[in-house]
Amino acid sequence: MADTSFPEKGRPSEELLEEMRAERTGDLDWRGGKAFSLVYNTDDPELESLQHEVAGMFLHENALNPFRYATLLRMESEVLGMTRSLFGASAGSLSSGGTESIFLAVQTARDHARARGVMAPELVCAITAHPAFAKACKYLDVTQVFTEVGDDGRAVPEAFASAINANTAIVVVSAPSYPFGVIDPVADIAAMAAERDVLCHVDACLGGWLLPFWEELGESVEPWDFRVEGVTSLSADIHKYGYCFKGVSTISYRDEDLYRRQIFMYDSWPGGLYASASAAGTRPGPPIAAAWATITHLGREGYLRLGRRVLEATRAFRSAVDGAEGLVVVPTPDMSVFQIGVDPEASGDIDIEAVGDRMDERGWNMDRQQGGLHVMLSPGHDKVGEMFAADLAASVAQQGTAAGTEHTYGGVVG
């Protein structure tokens, strides 16, 4: 076990770097095309080089007081303008990631409800909603009400109708949900929320920076953003399919007055006025600068190019599953994220956990969830479709016995 006592003396930088380089050889190899989460591989050396340069340029800058860093202020303002243009929003802010964006949406809804006399606010969502909503509800003292999903993995409007009551502050829909990659019936649920004067949040943390371009590429995409009447807020991560590095996300609102409930201002302090648009105080400069550089470098043309690669990878991987005896993509996804499960009509016994183990032995890093194996594709996966198909078919044929790998998404608590 490593010595974790506080070091008496420092160590040379090259010694530390050598140690870290050696240790990192055992970490997830996201560049090799055999990993499906945590990093979105554009397979674009020019973009990666740009991001490294930008990170170093703004490494020590602090956006706590953006007026001291006019360049960061300008870039952040432009990123937010681009975001509003992309989604049809009126106002919003950057955050450190999807969880913070979700926290801000729930906090805004809670305070909006309290201002209207609802002192025990509730959030209604499907069981497929991201766990960050459960986390936000715990921290913000909001009651979470779950509804089941249909056979297609989507939220059921009728279930939402039954769950909404006088305490409901906000309903949540996913575009898409992480487990199944399906888009909930946003229009139906948002309309229902509007009729009851309830806020509706679209969690597009995963799909927000791909779906607009997916649609332009000719894919069928049900309306999900502020084009839908009744949608009041929307979260979308630039560090997912926006292809920036961690961590930068967006939280957007239809109504600027609603956004103002998110803002914190405090002037009863000898140090002067303290104000922030998000939960963070100190904010590192690199994610802000890199978000601006990434979006500006790629432009619509670049996002369409990368989106086309994701689409081609999705078609190849889904074809690979179709060609593997006894496996099926279930339910049918709307995007490049999906679950691989056992076909209920297949003959013979197939242990999907054992198939995952055999894929792991072949160097693939298959994510596990309750119903099967999980795949989330990036542009770089368009180069490994044939290899995936061959290895998946072989893993089904040689499945053997499962090792009992845990279904883990988040971090380990010590």
# chains A, B, ... in the order shown; residues from 1 in each chain; ligands from 1
call {"tool": "closest_atom_pairs", "arguments": {"of": "range 6-98 of chain A", "to": "range 247-271 of chain A", "cutoff": "10 Å", "atoms": "only C-alpha atoms", "output": "Markdown table"}}
result
| residue | atom | partner | partner_atom | distance |
| --- | --- | --- | --- | --- |
| A:Val79 | CA | A:Thr250 | CA | 9.3 |
| A:Leu80 | CA | A:Thr250 | CA | 7.9 |
| A:Thr83 | CA | A:Thr250 | CA | 7.7 |
| A:Arg84 | CA | A:Ser252 | CA | 7.4 |
| A:Phe87 | CA | A:Ser252 | CA | 8.4 |
| A:Gly88 | CA | A:Arg254 | CA | 7.8 |
| A:Ala89 | CA | A:Arg254 | CA | 5.1 |
| A:Ser90 | CA | A:Arg254 | CA | 5.2 |
| A:Ala91 | CA | A:Tyr253 | CA | 5.3 |
| A:Gly92 | CA | A:Ser252 | CA | 4.1 |
| A:Ser93 | CA | A:Ile251 | CA | 5.6 |
| A:Leu94 | CA | A:Thr250 | CA | 4.6 |
| A:Ser95 | CA | A:Ser249 | CA | 5.0 |
| A:Ser96 | CA | A:Val248 | CA | 4.6 |
| A:Gly97 | CA | A:Ser249 | CA | 4.6 |
| A:Gly98 | CA | A:Ser249 | CA | 5.9 |
call {"tool": "write_last_selection", "arguments": {"atoms": "N, CA and C atoms", "output": "PDB file, in the first residue's frame"}}
result
ATOM      1  N   VAL A  79     -19.692  31.783 -26.489  1.00  0.00           N
ATOM      2  CA  VAL A  79     -20.144  30.394 -26.380  1.00  0.00           C
ATOM      3  C   VAL A  79     -21.624  30.348 -26.001  1.00  0.00           C
ATOM      4  N   LEU A  80     -22.015  31.200 -25.053  1.00  0.00           N
ATOM      5  CA  LEU A  80     -23.424  31.232 -24.644  1.00  0.00           C
ATOM      6  C   LEU A  80     -24.309  31.718 -25.784  1.00  0.00           C
ATOM      7  N   THR A  83     -24.736  28.847 -28.082  1.00  0.00           N
ATOM      8  CA  THR A  83     -25.642  27.880 -27.462  1.00  0.00           C
ATOM      9  C   THR A  83     -27.092  28.318 -27.637  1.00  0.00           C
ATOM     10  N   ARG A  84     -27.359  29.586 -27.372  1.00  0.00           N
ATOM     11  CA  ARG A  84     -28.724  30.089 -27.547  1.00  0.00           C
ATOM     12  C   ARG A  84     -29.172  29.924 -28.989  1.00  0.00           C
ATOM     13  N   PHE A  87     -29.972  26.083 -29.733  1.00  0.00           N
ATOM     14  CA  PHE A  87     -31.129  25.468 -29.085  1.00  0.00           C
ATOM     15  C   PHE A  87     -32.380  26.347 -29.096  1.00  0.00           C
ATOM     16  N   GLY A  88     -32.245  27.617 -29.481  1.00  0.00           N
ATOM     17  CA  GLY A  88     -33.390  28.518 -29.439  1.00  0.00           C
ATOM     18  C   GLY A  88     -33.691  29.034 -28.055  1.00  0.00           C
ATOM     19  N   ALA A  89     -32.662  29.185 -27.224  1.00  0.00           N
ATOM     20  CA  ALA A  89     -32.827  29.645 -25.845  1.00  0.00           C
ATOM     21  C   ALA A  89     -32.812  31.171 -25.770  1.00  0.00           C
ATOM     22  N   SER A  90     -33.238  31.695 -24.620  1.00  0.00           N
ATOM     23  CA  SER A  90     -33.186  33.140 -24.372  1.00  0.00           C
ATOM     24  C   SER A  90     -32.053  33.523 -23.443  1.00  0.00           C
ATOM     25  N   ALA A  91     -31.680  32.617 -22.534  1.00  0.00           N
ATOM     26  CA  ALA A  91     -30.657  32.931 -21.533  1.00  0.00           C
ATOM     27  C   ALA A  91     -30.055  31.633 -21.021  1.00  0.00           C
ATOM     28  N   GLY A  92     -28.951  31.764 -20.291  1.00  0.00           N
ATOM     29  CA  GLY A  92     -28.326  30.589 -19.708  1.00  0.00           C
ATOM     30  C   GLY A  92     -26.913  30.862 -19.266  1.00  0.00           C
ATOM     31  N   SER A  93     -26.222  29.815 -18.830  1.00  0.00           N
ATOM     32  CA  SER A  93     -24.854  29.965 -18.341  1.00  0.00           C
ATOM     33  C   SER A  93     -24.072  28.697 -18.606  1.00  0.00           C
ATOM     34  N   LEU A  94     -22.751  28.800 -18.431  1.00  0.00           N
ATOM     35  CA  LEU A  94     -21.895  27.624 -18.471  1.00  0.00           C
ATOM     36  C   LEU A  94     -21.831  27.008 -17.083  1.00  0.00           C
ATOM     37  N   SER A  95     -21.501  25.738 -17.042  1.00  0.00           N
ATOM     38  CA  SER A  95     -21.271  25.059 -15.768  1.00  0.00           C
ATOM     39  C   SER A  95     -20.099  24.099 -15.943  1.00  0.00           C
ATOM     40  N   SER A  96     -19.759  23.399 -14.874  1.00  0.00           N
ATOM     41  CA  SER A  96     -18.615  22.496 -14.900  1.00  0.00           C
ATOM     42  C   SER A  96     -18.935  21.135 -15.494  1.00  0.00           C
ATOM     43  N   GLY A  97     -20.224  20.857 -15.717  1.00  0.00           N
ATOM     44  CA  GLY A  97     -20.601  19.556 -16.246  1.00  0.00           C
ATOM     45  C   GLY A  97     -22.092  19.342 -16.123  1.00  0.00           C
ATOM     46  N   GLY A  98     -22.551  18.189 -16.611  1.00  0.00           N
ATOM     47  CA  GLY A  98     -23.976  17.904 -16.603  1.00  0.00           C
ATOM     48  C   GLY A  98     -24.588  17.898 -15.223  1.00  0.00           C
TER      49      GLY A  98
END
call {"tool": "residues_around", "arguments": {"residues": "Thr128 in chain A", "least_positions_apart": "5", "cutoff": "12 Å", "atoms": "only C-alpha atoms", "output": "PyMOL selection string"}}
result
chain A and resi 133-134+146-150+152-156+172-184+203+369-370
call {"tool": "residues_around", "arguments": {"residues": "Met192 in chain A", "least_positions_apart": "4", "cutoff": "8 Å", "atoms": "only C-alpha atoms", "output": "PyMOL selection string"}}
result
chain A and resi 161+188+196
call {"tool": "closest_residue", "arguments": {"among": "A:Asn167, A:Gln399, A:Gln51, A:Ser378", "to": "Leu306 in chain A", "atoms": "only C-alpha atoms"}}
result
A:Ser378
call {"tool": "closest_atom_pairs", "arguments": {"of": "range 213-322 of chain A", "to": "range 26-38 of chain A", "cutoff": "10 Å", "atoms": "only C-alpha atoms", "output": "CSV"}}
result
residue,atom,partner,partner_atom,distance
A:His239,CA,A:Leu38,CA,9.8
A:Lys240,CA,A:Leu38,CA,8.5
A:Lys246,CA,A:Leu38,CA,9.6
call {"tool": "atom_distance", "arguments": {"atom1": "CA of Pro379 in chain A", "atom2": "CA of His297 in chain A"}}
result
16.5 Å
call {"tool": "closest_residue", "arguments": {"among": "A:Gly242, A:Pro66, A:Gly81, A:Gly356", "to": "Ala291 in chain A", "atoms": "only C-alpha atoms"}}
result
A:Gly242
call {"tool": "select_by_dssp", "arguments": {"residues": "range 15-247 of chain A", "states": "helix (DSSP H, G or I)", "output": "ChimeraX atom specification"}}
result
/A:15-24,30-32,45-57,66-68,70-87,98-115,131-140,157-163,186-195,211-216
call {"tool": "residues_around", "arguments": {"residues": "Glu216 in chain A", "least_positions_apart": "2", "cutoff": "12 Å", "atoms": "only C-alpha atoms", "output": "PyMOL selection string"}}
result
chain A and resi 210-214+218-221+300-301+303-305+307-308+311
call {"tool": "atom_distance", "arguments": {"atom1": "CA of Gly363 in chain A", "atom2": "CA of Met335 in chain A"}}
result
24.7 Å
call {"tool": "residues_around", "arguments": {"residues": "Ile350 in chain A", "least_positions_apart": "4", "cutoff": "12 Å", "atoms": "only C-alpha atoms", "output": "list of chain:residue names"}}
result
A:Ala324, A:Glu325, A:Gly326, A:Leu327, A:Val328, A:Gly341, A:Val342, A:Asp343, A:Pro344, A:Glu345, A:Ala346, A:Ala354, A:Val355, A:Gly356, A:Gly372, A:Ser395, A:Val396, A:Ala397, A:Gln398, A:Gln399, A:Gly400, A:Thr401, A:Ala402
call {"tool": "write_last_selection", "arguments": {"atoms": "N, CA and C atoms", "output": "PDB file, in the first residue's frame"}}
result
ATOM      1  N   ALA A 324     -24.639 -10.959 -34.754  1.00  0.00           N
ATOM      2  CA  ALA A 324     -24.191 -11.848 -33.672  1.00  0.00           C
ATOM      3  C   ALA A 324     -25.378 -12.685 -33.209  1.00  0.00           C
ATOM      4  N   GLU A 325     -25.287 -13.975 -33.344  1.00  0.00           N
ATOM      5  CA  GLU A 325     -26.409 -14.863 -33.054  1.00  0.00           C
ATOM      6  C   GLU A 325     -26.898 -14.706 -31.611  1.00  0.00           C
ATOM      7  N   GLY A 326     -28.186 -14.419 -31.483  1.00  0.00           N
ATOM      8  CA  GLY A 326     -28.797 -14.362 -30.155  1.00  0.00           C
ATOM      9  C   GLY A 326     -28.748 -13.008 -29.481  1.00  0.00           C
ATOM     10  N   LEU A 327     -28.107 -12.019 -30.106  1.00  0.00           N
ATOM     11  CA  LEU A 327     -28.031 -10.692 -29.500  1.00  0.00           C
ATOM     12  C   LEU A 327     -28.916  -9.712 -30.258  1.00  0.00           C
ATOM     13  N   VAL A 328     -29.295  -8.642 -29.575  1.00  0.00           N
ATOM     14  CA  VAL A 328     -30.159  -7.649 -30.179  1.00  0.00           C
ATOM     15  C   VAL A 328     -29.918  -6.308 -29.512  1.00  0.00           C
ATOM     16  N   GLY A 341     -28.513  -6.507 -25.683  1.00  0.00           N
ATOM     17  CA  GLY A 341     -29.081  -7.515 -24.805  1.00  0.00           C
ATOM     18  C   GLY A 341     -29.277  -8.832 -25.528  1.00  0.00           C
ATOM     19  N   VAL A 342     -29.874  -9.780 -24.830  1.00  0.00           N
ATOM     20  CA  VAL A 342     -30.151 -11.099 -25.395  1.00  0.00           C
ATOM     21  C   VAL A 342     -31.506 -11.057 -26.097  1.00  0.00           C
ATOM     22  N   ASP A 343     -31.556 -11.546 -27.302  1.00  0.00           N
ATOM     23  CA  ASP A 343     -32.811 -11.625 -28.050  1.00  0.00           C
ATOM     24  C   ASP A 343     -33.718 -12.637 -27.362  1.00  0.00           C
ATOM     25  N   PRO A 344     -34.902 -12.215 -26.889  1.00  0.00           N
ATOM     26  CA  PRO A 344     -35.781 -13.157 -26.183  1.00  0.00           C
ATOM     27  C   PRO A 344     -36.276 -14.308 -27.068  1.00  0.00           C
ATOM     28  N   GLU A 345     -36.184 -14.142 -28.374  1.00  0.00           N
ATOM     29  CA  GLU A 345     -36.633 -15.195 -29.281  1.00  0.00           C
ATOM     30  C   GLU A 345     -35.482 -16.095 -29.729  1.00  0.00           C
ATOM     31  N   ALA A 346     -34.281 -15.830 -29.186  1.00  0.00           N
ATOM     32  CA  ALA A 346     -33.122 -16.632 -29.589  1.00  0.00           C
ATOM     33  C   ALA A 346     -33.203 -18.030 -29.000  1.00  0.00           C
ATOM     34  N   ALA A 354     -21.260 -13.015 -19.644  1.00  0.00           N
ATOM     35  CA  ALA A 354     -20.122 -13.809 -20.121  1.00  0.00           C
ATOM     36  C   ALA A 354     -19.637 -13.287 -21.468  1.00  0.00           C
ATOM     37  N   VAL A 355     -20.570 -12.869 -22.322  1.00  0.00           N
ATOM     38  CA  VAL A 355     -20.182 -12.273 -23.601  1.00  0.00           C
ATOM     39  C   VAL A 355     -19.345 -11.025 -23.360  1.00  0.00           C
ATOM     40  N   GLY A 356     -19.778 -10.210 -22.384  1.00  0.00           N
ATOM     41  CA  GLY A 356     -19.007  -9.014 -22.027  1.00  0.00           C
ATOM     42  C   GLY A 356     -17.620  -9.356 -21.534  1.00  0.00           C
ATOM     43  N   GLY A 372     -27.881  -5.369 -19.847  1.00  0.00           N
ATOM     44  CA  GLY A 372     -26.965  -5.854 -20.868  1.00  0.00           C
ATOM     45  C   GLY A 372     -25.695  -5.036 -20.951  1.00  0.00           C
ATOM     46  N   SER A 395     -17.146 -13.904 -29.332  1.00  0.00           N
ATOM     47  CA  SER A 395     -17.415 -13.889 -27.893  1.00  0.00           C
ATOM     48  C   SER A 395     -18.723 -14.592 -27.568  1.00  0.00           C
ATOM     49  N   VAL A 396     -19.705 -14.482 -28.455  1.00  0.00           N
ATOM     50  CA  VAL A 396     -20.960 -15.216 -28.258  1.00  0.00           C
ATOM     51  C   VAL A 396     -20.704 -16.709 -28.381  1.00  0.00           C
ATOM     52  N   ALA A 397     -19.913 -17.094 -29.362  1.00  0.00           N
ATOM     53  CA  ALA A 397     -19.632 -18.512 -29.583  1.00  0.00           C
ATOM     54  C   ALA A 397     -18.827 -19.123 -28.441  1.00  0.00           C
ATOM     55  N   GLN A 398     -18.006 -18.312 -27.775  1.00  0.00           N
ATOM     56  CA  GLN A 398     -17.101 -18.813 -26.735  1.00  0.00           C
ATOM     57  C   GLN A 398     -17.465 -18.275 -25.360  1.00  0.00           C
ATOM     58  N   GLN A 399     -18.733 -17.968 -25.126  1.00  0.00           N
ATOM     59  CA  GLN A 399     -19.112 -17.177 -23.954  1.00  0.00           C
ATOM     60  C   GLN A 399     -18.650 -17.754 -22.618  1.00  0.00           C
ATOM     61  N   GLY A 400     -18.796 -19.049 -22.402  1.00  0.00           N
ATOM     62  CA  GLY A 400     -18.341 -19.637 -21.142  1.00  0.00           C
ATOM     63  C   GLY A 400     -19.095 -19.110 -19.932  1.00  0.00           C
ATOM     64  N   THR A 401     -18.360 -18.890 -18.826  1.00  0.00           N
ATOM     65  CA  THR A 401     -18.964 -18.477 -17.557  1.00  0.00           C
ATOM     66  C   THR A 401     -18.601 -17.039 -17.235  1.00  0.00           C
ATOM     67  N   ALA A 402     -19.578 -16.301 -16.714  1.00  0.00           N
ATOM     68  CA  ALA A 402     -19.357 -14.891 -16.376  1.00  0.00           C
ATOM     69  C   ALA A 402     -18.601 -14.753 -15.069  1.00  0.00           C
TER      70      ALA A 402
END
call {"tool": "atom_distance", "arguments": {"atom1": "CA of Gln339 in chain A", "atom2": "CA of Arg368 in chain A"}}
result
9.1 Å
call {"tool": "closest_residue", "arguments": {"among": "A:Cys244, A:Ala316, A:Ala115, A:Leu273", "to": "Pro286 in chain A", "atoms": "only C-alpha atoms"}}
result
A:Cys244
call {"tool": "closest_residue", "arguments": {"among": "A:Ala279, A:Phe245, A:Ala394, A:Pro284", "to": "Leu50 in chain A", "atoms": "only C-alpha atoms"}}
result
A:Phe245
call {"tool": "decode", "arguments": {"residues": "range 120-150 of chain A", "atoms": "N, CA and C atoms", "output": "PDB file, in the first residue's frame"}}
result
ATOM      1  N   ALA A 120     -43.112  22.251  -0.480  1.00  0.00           N
ATOM      2  CA  ALA A 120     -42.605  20.872  -0.513  1.00  0.00           C
ATOM      3  C   ALA A 120     -42.520  20.432  -1.969  1.00  0.00           C
ATOM      4  N   PRO A 121     -41.626  21.053  -2.745  1.00  0.00           N
ATOM      5  CA  PRO A 121     -41.602  20.826  -4.190  1.00  0.00           C
ATOM      6  C   PRO A 121     -41.205  19.399  -4.564  1.00  0.00           C
ATOM      7  N   GLU A 122     -41.763  18.936  -5.683  1.00  0.00           N
ATOM      8  CA  GLU A 122     -41.491  17.601  -6.189  1.00  0.00           C
ATOM      9  C   GLU A 122     -40.996  17.670  -7.637  1.00  0.00           C
ATOM     10  N   LEU A 123     -40.191  16.682  -8.005  1.00  0.00           N
ATOM     11  CA  LEU A 123     -39.684  16.517  -9.369  1.00  0.00           C
ATOM     12  C   LEU A 123     -40.194  15.186  -9.895  1.00  0.00           C
ATOM     13  N   VAL A 124     -40.800  15.196 -11.071  1.00  0.00           N
ATOM     14  CA  VAL A 124     -41.321  13.972 -11.683  1.00  0.00           C
ATOM     15  C   VAL A 124     -40.438  13.592 -12.865  1.00  0.00           C
ATOM     16  N   CYS A 125     -40.016  12.339 -12.904  1.00  0.00           N
ATOM     17  CA  CYS A 125     -39.167  11.864 -14.003  1.00  0.00           C
ATOM     18  C   CYS A 125     -39.373  10.375 -14.196  1.00  0.00           C
ATOM     19  N   ALA A 126     -38.874   9.859 -15.318  1.00  0.00           N
ATOM     20  CA  ALA A 126     -38.870   8.420 -15.561  1.00  0.00           C
ATOM     21  C   ALA A 126     -37.689   7.782 -14.837  1.00  0.00           C
ATOM     22  N   ILE A 127     -37.731   6.475 -14.682  1.00  0.00           N
ATOM     23  CA  ILE A 127     -36.649   5.766 -13.984  1.00  0.00           C
ATOM     24  C   ILE A 127     -35.346   5.833 -14.777  1.00  0.00           C
ATOM     25  N   THR A 128     -35.411   6.212 -16.040  1.00  0.00           N
ATOM     26  CA  THR A 128     -34.220   6.327 -16.874  1.00  0.00           C
ATOM     27  C   THR A 128     -33.543   7.684 -16.751  1.00  0.00           C
ATOM     28  N   ALA A 129     -34.130   8.629 -16.014  1.00  0.00           N
ATOM     29  CA  ALA A 129     -33.498   9.939 -15.830  1.00  0.00           C
ATOM     30  C   ALA A 129     -32.139   9.767 -15.161  1.00  0.00           C
ATOM     31  N   HIS A 130     -31.204  10.625 -15.507  1.00  0.00           N
ATOM     32  CA  HIS A 130     -29.836  10.498 -14.993  1.00  0.00           C
ATOM     33  C   HIS A 130     -29.819  10.584 -13.461  1.00  0.00           C
ATOM     34  N   PRO A 131     -28.944   9.804 -12.793  1.00  0.00           N
ATOM     35  CA  PRO A 131     -28.852   9.845 -11.333  1.00  0.00           C
ATOM     36  C   PRO A 131     -28.531  11.228 -10.764  1.00  0.00           C
ATOM     37  N   ALA A 132     -28.017  12.142 -11.598  1.00  0.00           N
ATOM     38  CA  ALA A 132     -27.744  13.489 -11.107  1.00  0.00           C
ATOM     39  C   ALA A 132     -29.015  14.167 -10.618  1.00  0.00           C
ATOM     40  N   PHE A 133     -30.173  13.777 -11.147  1.00  0.00           N
ATOM     41  CA  PHE A 133     -31.424  14.353 -10.646  1.00  0.00           C
ATOM     42  C   PHE A 133     -31.709  13.861  -9.231  1.00  0.00           C
ATOM     43  N   ALA A 134     -31.440  12.592  -8.976  1.00  0.00           N
ATOM     44  CA  ALA A 134     -31.593  12.071  -7.612  1.00  0.00           C
ATOM     45  C   ALA A 134     -30.627  12.777  -6.663  1.00  0.00           C
ATOM     46  N   LYS A 135     -29.424  12.995  -7.133  1.00  0.00           N
ATOM     47  CA  LYS A 135     -28.414  13.687  -6.325  1.00  0.00           C
ATOM     48  C   LYS A 135     -28.854  15.112  -6.028  1.00  0.00           C
ATOM     49  N   ALA A 136     -29.354  15.815  -7.044  1.00  0.00           N
ATOM     50  CA  ALA A 136     -29.811  17.186  -6.852  1.00  0.00           C
ATOM     51  C   ALA A 136     -30.972  17.239  -5.880  1.00  0.00           C
ATOM     52  N   CYS A 137     -31.899  16.302  -6.020  1.00  0.00           N
ATOM     53  CA  CYS A 137     -33.046  16.279  -5.118  1.00  0.00           C
ATOM     54  C   CYS A 137     -32.613  16.054  -3.675  1.00  0.00           C
ATOM     55  N   LYS A 138     -31.624  15.186  -3.479  1.00  0.00           N
ATOM     56  CA  LYS A 138     -31.127  14.942  -2.115  1.00  0.00           C
ATOM     57  C   LYS A 138     -30.529  16.206  -1.525  1.00  0.00           C
ATOM     58  N   TYR A 139     -29.673  16.876  -2.262  1.00  0.00           N
ATOM     59  CA  TYR A 139     -28.988  18.057  -1.745  1.00  0.00           C
ATOM     60  C   TYR A 139     -29.909  19.264  -1.609  1.00  0.00           C
ATOM     61  N   LEU A 140     -30.912  19.348  -2.469  1.00  0.00           N
ATOM     62  CA  LEU A 140     -31.745  20.546  -2.525  1.00  0.00           C
ATOM     63  C   LEU A 140     -33.099  20.372  -1.855  1.00  0.00           C
ATOM     64  N   ASP A 141     -33.302  19.228  -1.196  1.00  0.00           N
ATOM     65  CA  ASP A 141     -34.539  18.972  -0.444  1.00  0.00           C
ATOM     66  C   ASP A 141     -35.763  19.034  -1.357  1.00  0.00           C
ATOM     67  N   VAL A 142     -35.679  18.323  -2.469  1.00  0.00           N
ATOM     68  CA  VAL A 142     -36.793  18.188  -3.399  1.00  0.00           C
ATOM     69  C   VAL A 142     -37.160  16.711  -3.451  1.00  0.00           C
ATOM     70  N   THR A 143     -38.435  16.401  -3.435  1.00  0.00           N
ATOM     71  CA  THR A 143     -38.884  15.012  -3.493  1.00  0.00           C
ATOM     72  C   THR A 143     -38.914  14.536  -4.942  1.00  0.00           C
ATOM     73  N   GLN A 144     -38.279  13.404  -5.186  1.00  0.00           N
ATOM     74  CA  GLN A 144     -38.242  12.847  -6.538  1.00  0.00           C
ATOM     75  C   GLN A 144     -39.324  11.788  -6.686  1.00  0.00           C
ATOM     76  N   VAL A 145     -40.134  11.912  -7.724  1.00  0.00           N
ATOM     77  CA  VAL A 145     -41.209  10.973  -8.009  1.00  0.00           C
ATOM     78  C   VAL A 145     -40.882  10.259  -9.322  1.00  0.00           C
ATOM     79  N   PHE A 146     -40.758   8.937  -9.258  1.00  0.00           N
ATOM     80  CA  PHE A 146     -40.373   8.161 -10.433  1.00  0.00           C
ATOM     81  C   PHE A 146     -41.583   7.586 -11.152  1.00  0.00           C
ATOM     82  N   THR A 147     -41.475   7.481 -12.475  1.00  0.00           N
ATOM     83  CA  THR A 147     -42.469   6.783 -13.275  1.00  0.00           C
ATOM     84  C   THR A 147     -41.765   5.706 -14.090  1.00  0.00           C
ATOM     85  N   GLU A 148     -42.508   4.667 -14.431  1.00  0.00           N
ATOM     86  CA  GLU A 148     -41.951   3.588 -15.239  1.00  0.00           C
ATOM     87  C   GLU A 148     -41.863   4.021 -16.705  1.00  0.00           C
ATOM     88  N   VAL A 149     -41.116   3.271 -17.495  1.00  0.00           N
ATOM     89  CA  VAL A 149     -41.018   3.536 -18.924  1.00  0.00           C
ATOM     90  C   VAL A 149     -41.759   2.446 -19.682  1.00  0.00           C
ATOM     91  N   GLY A 150     -42.062   2.720 -20.948  1.00  0.00           N
ATOM     92  CA  GLY A 150     -42.720   1.728 -21.782  1.00  0.00           C
ATOM     93  C   GLY A 150     -41.742   0.695 -22.306  1.00  0.00           C
TER      94      GLY A 150
END
